[in-house]
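Written out below as structure tokens is the structure these notes cover.
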Amino acid sequence: MSYKKSFFIALFYLLNCLATVSANAVEEHKVKAAFLYNFANFVYWPDFIFVKPETPFFICILGSDPFKESLDFAVKNEKVEGHPILVQRIKVIKDISHCQILFISLSEADQLEQILSNAKRNPILTVSDIQGFACSGGMIEFYVQNSKIRFTINPNNAKQVGLHINANLLRVAKIAPDD
């Protein structure tokens with residue numbers, strides 16, 4: 001079995017395990033932080049966004065940061081296809097264009113339409129726990145069901161910006177209905 005295939009099998013197993021972790025207040029954001037990192041390994045971005053081998057892979061948080069240090073800890077010394085992962089907190093919408101993953105905080109719910117409109121200009125994987133996010137133009141929406149973290153994916157929204165979501169990730173997600 002190739003290294004890459006066994007890597008993806010291990011990540012798929014991790015995603016399944018994480019999906020069953022209890023969603024208490026402290027653990028919820030740790031689990032979501034781990035999911036954000038793992039999403040990076042199950043989504044494919046167009047080659048043109050990484051102009052150099054050392055170009056960072058940015059996971060950005062727009063608005064209030066629910067993760068605190070848990071996201072930084074989850075990605076410390078990690079790479080995505082050789083690209084070092086950097087976490088960046090963003091306060092204004094215009095600063096999202098360099099992000100590969102954009103977590104949109106609940107604090108930004110009133111601006112969601114404008115944020116998603118700006119995000120669609122670039123191949124950015126949008127993620128949030130705003131209710132109805134995946135059906136409102138977002139790509140991955142976290143939710144809690146039976147005290148467990150789950151997520152809904154809208155693969156059509158991802159395709160529109162040139163992102164491809166691995167079938168293994170789609171298998172463990174609820175798929176958003178087509179409009």
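Naming scheme: A, B, ... for chains in displayed order of the structure tokens; residues 1 onward per chain; ligands 1 onward as shown.
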Proximity of range 62-100 of chain A to range 37-44 of chain A: per-residue shortest pair, 7 Å limit, only C-alpha atoms, as a tab-separated table:
```
residue	atom	partner	partner_atom	distance
A:Ala74	CA	A:Tyr37	CA	6.9
A:Val75	CA	A:Tyr37	CA	6.4
A:Val80	CA	A:Asn41	CA	6.5
```
Selected residues written out with N, CA and C atoms, as an mmCIF file, in the first residue's frame:
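To be explicit, this is the file written out as again.cif:
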```
data_model
loop_
_atom_site.group_PDB
_atom_site.id
_atom_site.type_symbol
_atom_site.label_atom_id
_atom_site.label_comp_id
_atom_site.auth_asym_id
_atom_site.auth_seq_id
_atom_site.Cartn_x
_atom_site.Cartn_y
_atom_site.Cartn_z
ATOM 1 N N ALA A 74 -3.253 22.339 16.919
ATOM 2 C CA ALA A 74 -3.600 21.264 15.978
ATOM 3 C C ALA A 74 -2.735 21.288 14.726
ATOM 4 N N VAL A 75 -2.296 22.466 14.304
ATOM 5 C CA VAL A 75 -1.533 22.574 13.050
ATOM 6 C C VAL A 75 -0.043 22.826 13.251
ATOM 7 N N VAL A 80 0.607 20.726 4.492
ATOM 8 C CA VAL A 80 -0.354 20.207 3.536
ATOM 9 C C VAL A 80 0.383 20.117 2.212
#
```
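Using only C-alpha atoms, the protein and nucleic acid residues lying no more than 9 Å from Lys79 in chain A, apart from those fewer than 5 places from it along its own chain, are Pro56, Phe57, Pro84 and Ile85 of chain A.
Residues with any atom within 9 Å of Lys120 in chain A, counting only C-alpha atoms and excluding same-chain neighbours fewer than 4 positions away, are Ile115, Leu116, Ile124, Asn157, Gln160 and Val161 of chain A.
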>> I'd like to know which of A:Leu62, A:Asn154, A:Asn168, A:Ser147 is closest to Ser107 in chain A, using only C-alpha atoms.
In response: A:Leu62
> Just asking: which residues within chain A are strand (DSSP E) according to DSSP, as a ChimeraX atom specification?
Replying inline: /A:43-44,57-62,79-80,83-90,101-104,125-128,140-145,148-153,164-165,174-175
Store the residues of this selection in a file with N, CA and C atoms, as a tab-separated table (two decimals), in the first residue's frame.
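Final output, saved to result01.tsv:
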```tsv
chain	number	residue	atom	x	y	z
A	43	VAL	N	-9.26	18.02	0.71
A	43	VAL	CA	-9.73	18.96	-0.31
A	43	VAL	C	-8.54	19.28	-1.20
A	44	TYR	N	-8.79	19.39	-2.49
A	44	TYR	CA	-7.73	19.69	-3.44
A	44	TYR	C	-7.94	21.09	-4.02
A	57	PHE	N	0.16	27.46	3.54
A	57	PHE	CA	-1.25	27.10	3.45
A	57	PHE	C	-1.91	27.81	4.62
A	58	PHE	N	-2.85	28.73	4.31
A	58	PHE	CA	-3.46	29.55	5.36
A	58	PHE	C	-4.83	29.03	5.77
A	59	ILE	N	-4.98	28.81	7.07
A	59	ILE	CA	-6.29	28.59	7.68
A	59	ILE	C	-6.61	29.89	8.40
A	60	CYS	N	-7.66	30.55	7.95
A	60	CYS	CA	-8.01	31.87	8.49
A	60	CYS	C	-9.31	31.80	9.29
A	61	ILE	N	-9.39	32.65	10.28
A	61	ILE	CA	-10.59	32.78	11.10
A	61	ILE	C	-11.06	34.21	10.95
A	62	LEU	N	-12.29	34.39	10.48
A	62	LEU	CA	-12.87	35.71	10.33
A	62	LEU	C	-13.83	35.96	11.48
A	79	LYS	N	2.05	20.19	7.75
A	79	LYS	CA	2.11	20.67	6.37
A	79	LYS	C	0.98	20.04	5.57
A	80	VAL	N	0.61	20.73	4.49
A	80	VAL	CA	-0.35	20.21	3.54
A	80	VAL	C	0.38	20.12	2.21
A	83	HIS	N	3.38	22.20	2.12
A	83	HIS	CA	3.23	23.61	2.44
A	83	HIS	C	2.99	23.79	3.94
A	84	PRO	N	3.79	24.63	4.59
A	84	PRO	CA	3.58	24.85	6.02
A	84	PRO	C	2.22	25.51	6.28
A	85	ILE	N	1.55	25.07	7.34
A	85	ILE	CA	0.24	25.62	7.67
A	85	ILE	C	0.41	26.79	8.63
A	86	LEU	N	-0.23	27.90	8.30
A	86	LEU	CA	-0.25	29.07	9.17
A	86	LEU	C	-1.70	29.40	9.50
A	87	VAL	N	-1.93	29.78	10.75
A	87	VAL	CA	-3.26	30.21	11.19
A	87	VAL	C	-3.23	31.73	11.26
A	88	GLN	N	-4.27	32.35	10.69
A	88	GLN	CA	-4.34	33.81	10.73
A	88	GLN	C	-5.74	34.23	11.15
A	89	ARG	N	-5.78	35.17	12.09
A	89	ARG	CA	-7.05	35.76	12.52
A	89	ARG	C	-7.27	37.03	11.70
A	90	ILE	N	-8.46	37.12	11.11
A	90	ILE	CA	-8.77	38.23	10.21
A	90	ILE	C	-9.96	39.01	10.77
A	101	ILE	N	-8.45	27.96	3.67
A	101	ILE	CA	-9.63	27.62	4.46
A	101	ILE	C	-10.01	28.85	5.24
A	102	LEU	N	-11.28	29.20	5.18
A	102	LEU	CA	-11.79	30.36	5.92
A	102	LEU	C	-12.89	29.89	6.85
A	103	PHE	N	-12.62	29.97	8.17
A	103	PHE	CA	-13.66	29.69	9.15
A	103	PHE	C	-14.36	31.01	9.45
A	104	ILE	N	-15.67	31.04	9.24
A	104	ILE	CA	-16.47	32.24	9.47
A	104	ILE	C	-17.17	32.07	10.81
A	125	LEU	N	-11.99	27.34	0.76
A	125	LEU	CA	-12.93	26.44	1.41
A	125	LEU	C	-13.55	27.19	2.58
A	126	THR	N	-14.85	27.44	2.52
A	126	THR	CA	-15.53	28.17	3.58
A	126	THR	C	-16.16	27.19	4.57
A	127	VAL	N	-15.95	27.46	5.85
A	127	VAL	CA	-16.42	26.58	6.93
A	127	VAL	C	-17.02	27.46	8.01
A	128	SER	N	-18.10	27.00	8.62
A	128	SER	CA	-18.72	27.77	9.71
A	128	SER	C	-19.62	26.86	10.53
A	140	ILE	N	-18.80	23.95	4.13
A	140	ILE	CA	-18.86	22.96	5.22
A	140	ILE	C	-19.45	23.63	6.45
A	141	GLU	N	-20.49	23.02	6.98
A	141	GLU	CA	-21.18	23.55	8.16
A	141	GLU	C	-21.09	22.55	9.31
A	142	PHE	N	-20.53	23.00	10.43
A	142	PHE	CA	-20.52	22.19	11.64
A	142	PHE	C	-21.88	22.27	12.32
A	143	TYR	N	-22.28	21.15	12.93
A	143	TYR	CA	-23.48	21.15	13.77
A	143	TYR	C	-23.30	20.07	14.83
A	144	VAL	N	-24.12	20.12	15.85
A	144	VAL	CA	-24.07	19.14	16.93
A	144	VAL	C	-25.33	18.30	16.85
A	145	GLN	N	-25.14	16.97	16.88
A	145	GLN	CA	-26.26	16.04	16.87
A	145	GLN	C	-25.98	14.96	17.90
A	148	LYS	N	-22.66	15.14	19.57
A	148	LYS	CA	-21.49	14.85	18.75
A	148	LYS	C	-21.34	15.91	17.65
A	149	ILE	N	-20.09	16.22	17.33
A	149	ILE	CA	-19.81	17.17	16.25
A	149	ILE	C	-20.01	16.45	14.92
A	150	ARG	N	-20.79	17.04	14.07
A	150	ARG	CA	-21.04	16.52	12.72
A	150	ARG	C	-20.82	17.68	11.75
A	151	PHE	N	-20.87	17.36	10.46
A	151	PHE	CA	-20.76	18.44	9.47
A	151	PHE	C	-21.52	18.09	8.20
A	152	THR	N	-22.02	19.14	7.58
A	152	THR	CA	-22.70	19.07	6.30
A	152	THR	C	-21.78	19.67	5.26
A	153	ILE	N	-21.69	19.05	4.11
A	153	ILE	CA	-20.87	19.57	3.02
A	153	ILE	C	-21.76	19.88	1.83
A	164	HIS	N	-11.98	20.53	-5.13
A	164	HIS	CA	-12.48	19.17	-5.24
A	164	HIS	C	-12.40	18.52	-3.87
A	165	ILE	N	-13.50	17.98	-3.40
A	165	ILE	CA	-13.55	17.34	-2.09
A	165	ILE	C	-13.45	15.83	-2.26
A	174	LYS	N	-22.86	14.73	6.01
A	174	LYS	CA	-24.22	14.88	5.48
A	174	LYS	C	-24.04	15.80	4.25
A	175	ILE	N	-24.68	15.47	3.16
A	175	ILE	CA	-24.56	16.27	1.93
A	175	ILE	C	-25.73	17.24	1.86
```
> Taking the backbone alone, and naming residues the way the document does, which bits of range 30-152 of chain A are alpha helix (DSSP H) by DSSP, as a ChimeraX atom specification?
Replying inline: /A:30-42,69-75,112-119
